[in-house]
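Structure file upload39.pdb; described as PDB, C-alpha atoms.
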```
ATOM      1  CA  MET A   1       0.000   0.000   0.000
ATOM      2  CA  PRO A   2       1.696   3.309  -1.068
ATOM      3  CA  ASP A   3       1.986   6.177   1.396
ATOM      4  CA  ALA A   4      -0.326   9.001   0.337
ATOM      5  CA  ASN A   5       1.514  11.568   2.468
ATOM      6  CA  ASN A   6       4.979  11.485   0.974
ATOM      7  CA  GLY A   7       4.162  10.259  -2.544
ATOM      8  CA  SER A   8       6.730   7.460  -2.389
ATOM      9  CA  GLY A   9       6.088   3.768  -2.196
ATOM     10  CA  ASN A  10       7.915   3.569   1.128
ATOM     11  CA  VAL A  11       5.666   3.131   4.154
ATOM     12  CA  ARG A  12       7.145   3.348   7.640
ATOM     13  CA  ALA A  13       6.425   0.448   9.964
ATOM     14  CA  THR A  14       4.347   2.597  12.343
ATOM     15  CA  ASP A  15       2.346   4.032   9.441
ATOM     16  CA  LYS A  16       1.630   0.523   8.145
ATOM     17  CA  ASP A  17       0.569  -0.595  11.613
ATOM     18  CA  LEU A  18      -1.679   2.439  11.866
ATOM     19  CA  TYR A  19      -3.301   1.672   8.515
ATOM     20  CA  GLU A  20      -3.859  -1.941   9.542
ATOM     21  CA  LEU A  21      -5.428  -0.883  12.810
ATOM     22  CA  LEU A  22      -7.737   1.554  11.005
ATOM     23  CA  GLU A  23      -8.738  -1.266   8.647
ATOM     24  CA  GLN A  24      -9.510  -3.476  11.656
ATOM     25  CA  LEU A  25     -11.717  -0.746  13.152
ATOM     26  CA  GLU A  26     -13.414  -0.284   9.795
ATOM     27  CA  THR A  27     -13.995  -4.055   9.515
ATOM     28  CA  THR A  28     -15.476  -4.109  13.031
ATOM     29  CA  ILE A  29     -17.912  -1.362  12.069
ATOM     30  CA  THR A  30     -18.836  -2.747   8.628
ATOM     31  CA  GLN A  31     -19.442  -6.230  10.022
ATOM     32  CA  ALA A  32     -21.582  -4.934  12.870
ATOM     33  CA  LYS A  33     -25.224  -6.017  12.960
ATOM     34  CA  GLY A  34     -27.493  -3.576  11.187
ATOM     35  CA  ILE A  35     -30.595  -2.101  12.749
ATOM     36  CA  PRO A  36     -33.617  -2.762  10.541
ATOM     37  CA  PHE A  37     -35.004   0.172   8.538
ATOM     38  CA  SER A  38     -31.972   2.455   9.253
ATOM     39  CA  ASP A  39     -28.339   3.007   8.366
ATOM     40  CA  ASN A  40     -27.377   2.524  12.012
ATOM     41  CA  CYS A  41     -25.673  -0.540  13.388
ATOM     42  CA  MET A  42     -24.856  -2.093  16.739
ATOM     43  CA  VAL A  43     -21.118  -2.136  17.352
ATOM     44  CA  ASP A  44     -19.530  -3.987  20.223
ATOM     45  CA  ARG A  45     -18.346  -1.088  22.347
ATOM     46  CA  ALA A  46     -15.416  -2.945  23.890
ATOM     47  CA  ASP A  47     -14.255  -4.039  20.434
ATOM     48  CA  ALA A  48     -14.397  -0.493  18.980
ATOM     49  CA  LEU A  49     -12.683   1.019  22.028
ATOM     50  CA  TYR A  50      -9.943  -1.621  21.831
ATOM     51  CA  TRP A  51      -9.153  -0.717  18.210
ATOM     52  CA  ILE A  52      -9.230   3.011  18.976
ATOM     53  CA  LYS A  53      -6.803   2.460  21.870
ATOM     54  CA  GLN A  54      -4.526   0.466  19.559
ATOM     55  CA  ILE A  55      -4.638   3.235  16.944
ATOM     56  CA  ARG A  56      -3.684   5.850  19.520
ATOM     57  CA  ALA A  57      -0.831   3.711  20.744
ATOM     58  CA  SER A  58       0.431   3.376  17.165
ATOM     59  CA  PHE A  59       0.531   7.097  16.398
ATOM     60  CA  PRO A  60       3.959   8.123  15.197
ATOM     61  CA  THR A  61       6.175   9.947  17.673
ATOM     62  CA  GLU A  62       5.844  13.129  15.629
ATOM     63  CA  VAL A  63       2.055  13.118  16.099
ATOM     64  CA  ARG A  64       2.432  12.677  19.865
ATOM     65  CA  GLN A  65       5.023  15.455  19.934
ATOM     66  CA  ALA A  66       2.786  17.711  17.864
ATOM     67  CA  LYS A  67      -0.130  17.040  20.239
ATOM     68  CA  TRP A  68       2.123  17.780  23.208
ATOM     69  CA  ILE A  69       3.297  21.013  21.557
ATOM     70  CA  VAL A  70      -0.284  22.088  20.805
ATOM     71  CA  ASP A  71      -1.358  21.303  24.383
ATOM     72  CA  SER A  72       1.651  23.196  25.756
ATOM     73  CA  ASN A  73       0.901  26.161  23.509
ATOM     74  CA  ARG A  74      -2.690  26.214  24.723
ATOM     75  CA  GLN A  75      -1.493  26.244  28.324
ATOM     76  CA  ILE A  76       1.035  28.995  27.583
ATOM     77  CA  VAL A  77      -1.591  31.101  25.811
ATOM     78  CA  ALA A  78      -4.079  30.559  28.651
ATOM     79  CA  SER A  79      -1.427  31.508  31.198
ATOM     80  CA  ALA A  80      -0.456  34.585  29.168
ATOM     81  CA  ARG A  81      -4.103  35.637  28.948
ATOM     82  CA  GLN A  82      -4.533  35.276  32.694
ATOM     83  CA  LYS A  83      -1.363  37.283  33.283
ATOM     84  CA  ALA A  84      -2.513  39.962  30.826
ATOM     85  CA  GLU A  85      -5.914  40.170  32.508
ATOM     86  CA  SER A  86      -4.220  40.400  35.906
ATOM     87  CA  ILE A  87      -1.941  43.189  34.666
ATOM     88  CA  LEU A  88      -4.916  44.984  33.137
ATOM     89  CA  ARG A  89      -6.919  44.755  36.383
ATOM     90  CA  GLU A  90      -3.932  45.968  38.376
ATOM     91  CA  SER A  91      -3.347  48.905  36.030
ATOM     92  CA  GLU A  92      -7.039  49.830  36.200
ATOM     93  CA  GLN A  93      -6.854  49.772  40.004
ATOM     94  CA  ARG A  94      -3.722  51.915  39.970
ATOM     95  CA  GLN A  95      -5.369  54.317  37.556
ATOM     96  CA  ALA A  96      -8.405  54.579  39.838
ATOM     97  CA  ILE A  97      -6.134  55.231  42.828
ATOM     98  CA  MET A  98      -4.206  57.861  40.886
ATOM     99  CA  VAL A  99      -7.453  59.547  39.826
ATOM    100  CA  ASP A 100      -8.645  59.497  43.437
ATOM    101  CA  GLU A 101      -5.305  60.888  44.614
ATOM    102  CA  HIS A 102      -5.523  63.566  41.926
ATOM    103  CA  GLN A 103      -9.012  64.493  43.116
ATOM    104  CA  ILE A 104      -7.776  64.590  46.705
ATOM    105  CA  THR A 105      -4.836  66.748  45.644
ATOM    106  CA  LEU A 106      -7.164  69.140  43.831
ATOM    107  CA  LEU A 107      -9.456  69.373  46.866
ATOM    108  CA  ALA A 108      -6.473  69.930  49.148
ATOM    109  CA  LYS A 109      -5.164  72.688  46.833
ATOM    110  CA  GLU A 110      -8.591  74.345  46.780
ATOM    111  CA  GLN A 111      -8.759  74.196  50.585
ATOM    112  CA  SER A 112      -5.223  75.521  50.978
ATOM    113  CA  ASP A 113      -5.984  78.364  48.547
ATOM    114  CA  LYS A 114      -9.108  79.228  50.562
ATOM    115  CA  ILE A 115      -7.201  79.091  53.849
ATOM    116  CA  LEU A 116      -4.440  81.262  52.383
ATOM    117  CA  ALA A 117      -6.982  83.769  51.041
ATOM    118  CA  ASP A 118      -8.714  83.907  54.454
ATOM    119  CA  ALA A 119      -5.355  84.364  56.204
ATOM    120  CA  ASN A 120      -4.401  87.166  53.798
ATOM    121  CA  ALA A 121      -7.767  88.851  54.359
ATOM    122  CA  GLN A 122      -7.331  88.618  58.132
ATOM    123  CA  ALA A 123      -3.777  89.959  57.840
ATOM    124  CA  ASP A 124      -5.058  92.903  55.778
ATOM    125  CA  GLN A 125      -7.748  93.609  58.393
ATOM    126  CA  ILE A 126      -5.242  93.418  61.249
ATOM    127  CA  TYR A 127      -2.873  95.736  59.361
ATOM    128  CA  ALA A 128      -5.673  98.229  58.655
ATOM    129  CA  ARG A 129      -6.763  98.179  62.328
ATOM    130  CA  SER A 130      -3.191  98.590  63.535
ATOM    131  CA  LEU A 131      -2.742 101.619  61.237
ATOM    132  CA  GLU A 132      -5.998 103.099  62.531
ATOM    133  CA  TYR A 133      -4.923 102.460  66.129
ATOM    134  CA  ALA A 134      -1.505 104.024  65.488
ATOM    135  CA  ARG A 135      -3.116 107.101  63.862
ATOM    136  CA  LYS A 136      -5.497 107.469  66.788
ATOM    137  CA  ARG A 137      -2.721 107.145  69.357
ATOM    138  CA  LEU A 138      -0.525 109.582  67.449
ATOM    139  CA  LYS A 139      -3.449 112.023  67.191
ATOM    140  CA  ASP A 140      -4.009 111.721  70.951
ATOM    141  CA  VAL A 141      -0.294 112.305  71.591
ATOM    142  CA  GLU A 142      -0.374 115.252  69.166
ATOM    143  CA  ASN A 143      -3.370 116.726  71.006
ATOM    144  CA  GLU A 144      -1.673 116.304  74.377
ATOM    145  CA  LEU A 145       1.539 117.822  73.050
ATOM    146  CA  THR A 146      -0.416 120.693  71.509
ATOM    147  CA  ASP A 147      -2.149 121.272  74.853
ATOM    148  CA  MET A 148       1.207 121.150  76.593
ATOM    149  CA  LEU A 149       2.737 123.564  74.092
ATOM    150  CA  VAL A 150      -0.161 125.944  74.517
ATOM    151  CA  ARG A 151       0.268 125.837  78.316
ATOM    152  CA  ILE A 152       4.026 126.261  78.004
ATOM    153  CA  GLN A 153       3.563 129.307  75.733
ATOM    154  CA  LYS A 154       0.959 130.710  78.123
ATOM    155  CA  ASP A 155       3.253 130.129  81.099
ATOM    156  CA  LEU A 156       6.131 131.779  79.187
ATOM    157  CA  LYS A 157       3.974 134.866  78.488
ATOM    158  CA  GLU A 158       3.045 135.090  82.086
ATOM    159  CA  LEU A 159       6.658 134.908  83.122
ATOM    160  CA  LYS A 160       7.629 137.805  80.856
TER     161      LYS A 160
END
```
Could the structure of this file be written out as structure tokens, please?
Amino acid sequence: MPDANNGSGNVRATDKDLYELLEQLETTITQAKGIPFSDNCMVDRADALYWIKQIRASFPTEVRQAKWIVDSNRQIVASARQKAESILRESEQRQAIMVDEHQITLLAKEQSDKILADANAQADQIYARSLEYARKRLKDVENELTDMLVRIQKDLKELK
């Protein structure tokens, strides 16, 4: 029987065994008892499972390796997806925290600006009151000095 895969007449021993096992499975199915009025048949389950197990055992090493590689790739991809989702969730959480911190920073800046404005207003009021107090005290001193000067001038006139 020529090998259909490589186009040559050479068939590896495992390939030949595989073909023979497939033929045995096919024979088991074709010789199974038919169910009247249908295309279905009754196959001995143990017989069919035996031939399937034999076929699997006869797969070439390359097929087993390919299956292992595909399974490994699936696991790697699944793991990478989980890692990517984890990184995405973590970055979203960090972003939310940063947004919250930004909001807190903005609120703190607004509050500090308000406190600073209030403090400046109070400082201006205190400065204005202190100037008014100083003017009043100086005016009082001026009045007292004027009164004293008037008395001194009066006393000097009397002495002359």
Computed interatomic separation between CA of Lys83 (chain A) and CA of Gln95 (chain A) (Å) |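 A separation of 18.0 Å between them.
Contact shell of Ala48 (chain A) at 9 Å (all atoms listed in the file; same-chain neighbours under 3 positions omitted): Leu25, Thr28, Ile29, Val43, Asp44, Arg45, Trp51, Ile52 and Lys53 of chain A.
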Separation of CA of Lys114 (chain A) from CA of Glu132 (chain A) in Å |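 Interatomic distance here is 26.9 Å.
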CA of Leu88 (chain A) to CA of Asp71 (chain A), straight-line distance in Å |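 Separating CA of Asp71 (chain A) from CA of Leu88 (chain A) is a distance of 25.5 Å.
Among the candidates A:Ala80, A:Ile152, A:Phe59, A:Ile126, the residue lying nearest to Leu21 (chain A) is A:Phe59 (atoms considered: only C-alpha atoms).
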